[in-house]
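Student: Here it is, the structure in full.
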Amino acid sequence: MTDYREEQRNELEALESIYPDSFTVLSDTPVSFTITVTSDPGEDDETVQSTVKFTYVEKYPDEAPLYEIVSQENIEDEDARAIISCLDQQVEENLGMVMIFTLVSAIQEKLNEIVDLIKTRREEEKVKKEKEEEEAEKVVFHGTPVTIEAFLSWKAKFEAELNEIRRKRQKEEEQAGKNKLSGKKLFETDHNLDTSDIKFLEEAGNSVEVDESLFQDMDDLDLDDEDDPDFNPAVLDSD
């Protein structure tokens, strides 16, 4: 008969010796503990880390232990799911044997793969960004390709805006025309205009001055009386 408690106790002692700085016992009944696993440094010395909680079931190792990721650093959710999937496979292959060391070793390898993936993802992201910038520059330089549908849509919008401008301008002109009075309306509105010139002459009286110098050089003008249709030489002779 298998002594499960003895096998579990011996494994715990071995794990505590192998992982002195990352092994932590959480409870004795049921036996539960965590192990923090850190990847090897990457090209830029970056690391990823995962803390996994393990719990023994009564008949471990003939039955699978319980496990879950309780914390992670620099690990995306899809990578965490990949770690759990890896553990599922290892557990299935190692049933009947104590396996926590094997599981932790599998996690270590997976974390090292993730570090390498980080570099690849950065490079892919850089290439993607550069491509997007190039595409943006092409759009700015070449403009947006014009399709028939796009042109008709623009044309309809342009004509609508143009008609609106014309309508507003016509309305303004009509309003200005209503406010502008004709000559007749001016006289009808202001009766003083009827007598303004007469009043001016009355006020001037005999003080209206004429500049005689304007008429002193009349003899120098080249006037052709024959061009005057009313010219009558007989009248001059009679004078």
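To be explicit about the labels: the chains of the structure tokens are called A, B, and onward in the order shown, and within each one the residues are counted from 1, while ligands get numbers from 1 in the order they are shown.
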What's the 10 Å shell around segment 76-84 of chain A, counting only C-alpha atoms, without same-chain residues fewer than 5 positions away, as a PyMOL selection string?
Tutor: chain A and resi 50+52+67-69+71+89-90+106-111+113-114+117
Student: Now that the selection is made, can you save its residues with N, CA and C atoms as an mmCIF file, in the first residue's frame?
Tutor:
data_model
loop_
_atom_site.group_PDB
_atom_site.id
_atom_site.type_symbol
_atom_site.label_atom_id
_atom_site.label_comp_id
_atom_site.auth_asym_id
_atom_site.auth_seq_id
_atom_site.Cartn_x
_atom_site.Cartn_y
_atom_site.Cartn_z
ATOM 1 N N SER A 50 6.812 34.126 -12.597
ATOM 2 C CA SER A 50 5.491 33.575 -12.303
ATOM 3 C C SER A 50 5.535 32.847 -10.964
ATOM 4 N N VAL A 52 3.533 30.123 -8.750
ATOM 5 C CA VAL A 52 2.514 29.076 -8.917
ATOM 6 C C VAL A 52 2.208 28.447 -7.563
ATOM 7 N N TYR A 67 -3.117 23.193 -9.123
ATOM 8 C CA TYR A 67 -2.125 24.248 -9.376
ATOM 9 C C TYR A 67 -2.802 25.436 -10.055
ATOM 10 N N GLU A 68 -2.252 26.585 -9.777
ATOM 11 C CA GLU A 68 -2.751 27.833 -10.383
ATOM 12 C C GLU A 68 -1.681 28.906 -10.286
ATOM 13 N N ILE A 69 -1.720 29.838 -11.227
ATOM 14 C CA ILE A 69 -0.797 30.982 -11.200
ATOM 15 C C ILE A 69 -1.423 32.063 -10.323
ATOM 16 N N SER A 71 0.454 34.923 -9.290
ATOM 17 C CA SER A 71 0.999 36.239 -9.654
ATOM 18 C C SER A 71 1.938 36.073 -10.837
ATOM 19 N N GLN A 89 -0.196 19.084 -19.600
ATOM 20 C CA GLN A 89 0.448 18.018 -20.360
ATOM 21 C C GLN A 89 1.469 17.266 -19.503
ATOM 22 N N GLN A 90 2.264 17.988 -18.727
ATOM 23 C CA GLN A 90 3.278 17.358 -17.880
ATOM 24 C C GLN A 90 2.643 16.490 -16.792
ATOM 25 N N ALA A 106 9.405 22.654 -16.183
ATOM 26 C CA ALA A 106 8.642 22.958 -17.399
ATOM 27 C C ALA A 106 8.246 24.438 -17.427
ATOM 28 N N ILE A 107 7.889 24.968 -16.249
ATOM 29 C CA ILE A 107 7.549 26.392 -16.168
ATOM 30 C C ILE A 107 8.769 27.242 -16.511
ATOM 31 N N GLN A 108 9.945 26.836 -15.991
ATOM 32 C CA GLN A 108 11.179 27.565 -16.262
ATOM 33 C C GLN A 108 11.448 27.634 -17.761
ATOM 34 N N GLU A 109 11.321 26.506 -18.446
ATOM 35 C CA GLU A 109 11.552 26.475 -19.896
ATOM 36 C C GLU A 109 10.547 27.367 -20.629
ATOM 37 N N LYS A 110 9.307 27.339 -20.170
ATOM 38 C CA LYS A 110 8.273 28.154 -20.814
ATOM 39 C C LYS A 110 8.552 29.639 -20.633
ATOM 40 N N LEU A 111 9.021 30.006 -19.442
ATOM 41 C CA LEU A 111 9.333 31.422 -19.195
ATOM 42 C C LEU A 111 10.502 31.878 -20.062
ATOM 43 N N GLU A 113 11.172 30.762 -22.999
ATOM 44 C CA GLU A 113 10.593 30.933 -24.334
ATOM 45 C C GLU A 113 9.865 32.276 -24.437
ATOM 46 N N ILE A 114 9.191 32.636 -23.352
ATOM 47 C CA ILE A 114 8.440 33.901 -23.342
ATOM 48 C C ILE A 114 9.394 35.092 -23.448
ATOM 49 N N LEU A 117 10.239 35.423 -26.894
ATOM 50 C CA LEU A 117 9.076 35.943 -27.616
ATOM 51 C C LEU A 117 8.939 37.455 -27.452
#
Student: Please return as a list in words: the residues of segment 15-55 of chain A that backbone DSSP assigns to strand (DSSP E).
Tutor: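 After running DSSP on the backbone, segment 15-55 of chain A has strand (DSSP E) at Phe23, Thr24, Val25, Leu26, Ser27, Asp28, Val31, Ser32, Phe33, Thr34, Ile35, Thr36, Val37, Thr38, Gln49, Ser50, Thr51, Val52, Lys53, Phe54 and Thr55 of chain A.
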Student: What would the file look like if the residues just selected were written as a short mmCIF file (atom, residue, chain, number, x, y, z; two decimals), in the first residue's frame with C-alpha atoms?
Tutor:
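Output file again30.cif follows:
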data_model
loop_
_atom_site.label_atom_id
_atom_site.label_comp_id
_atom_site.auth_asym_id
_atom_site.auth_seq_id
_atom_site.Cartn_x
_atom_site.Cartn_y
_atom_site.Cartn_z
CA PHE A 23 9.53 28.10 -1.76
CA THR A 24 6.79 29.09 0.69
CA VAL A 25 4.46 26.73 2.65
CA LEU A 26 0.93 28.11 2.88
CA SER A 27 -0.84 25.35 4.84
CA ASP A 28 -0.34 21.82 6.20
CA VAL A 31 -0.55 20.70 2.05
CA SER A 32 -0.29 23.89 -0.04
CA PHE A 33 2.76 25.91 -1.08
CA THR A 34 3.99 28.37 -3.71
CA ILE A 35 7.11 28.40 -5.81
CA THR A 36 8.22 31.55 -7.65
CA VAL A 37 9.92 30.82 -10.96
CA THR A 38 12.02 33.41 -12.82
CA GLN A 49 8.37 35.75 -13.44
CA SER A 50 5.49 33.57 -12.30
CA THR A 51 4.41 32.37 -8.87
CA VAL A 52 2.51 29.08 -8.92
CA LYS A 53 0.49 27.65 -6.07
CA PHE A 54 0.45 23.85 -5.67
CA THR A 55 -1.90 21.85 -3.46
#
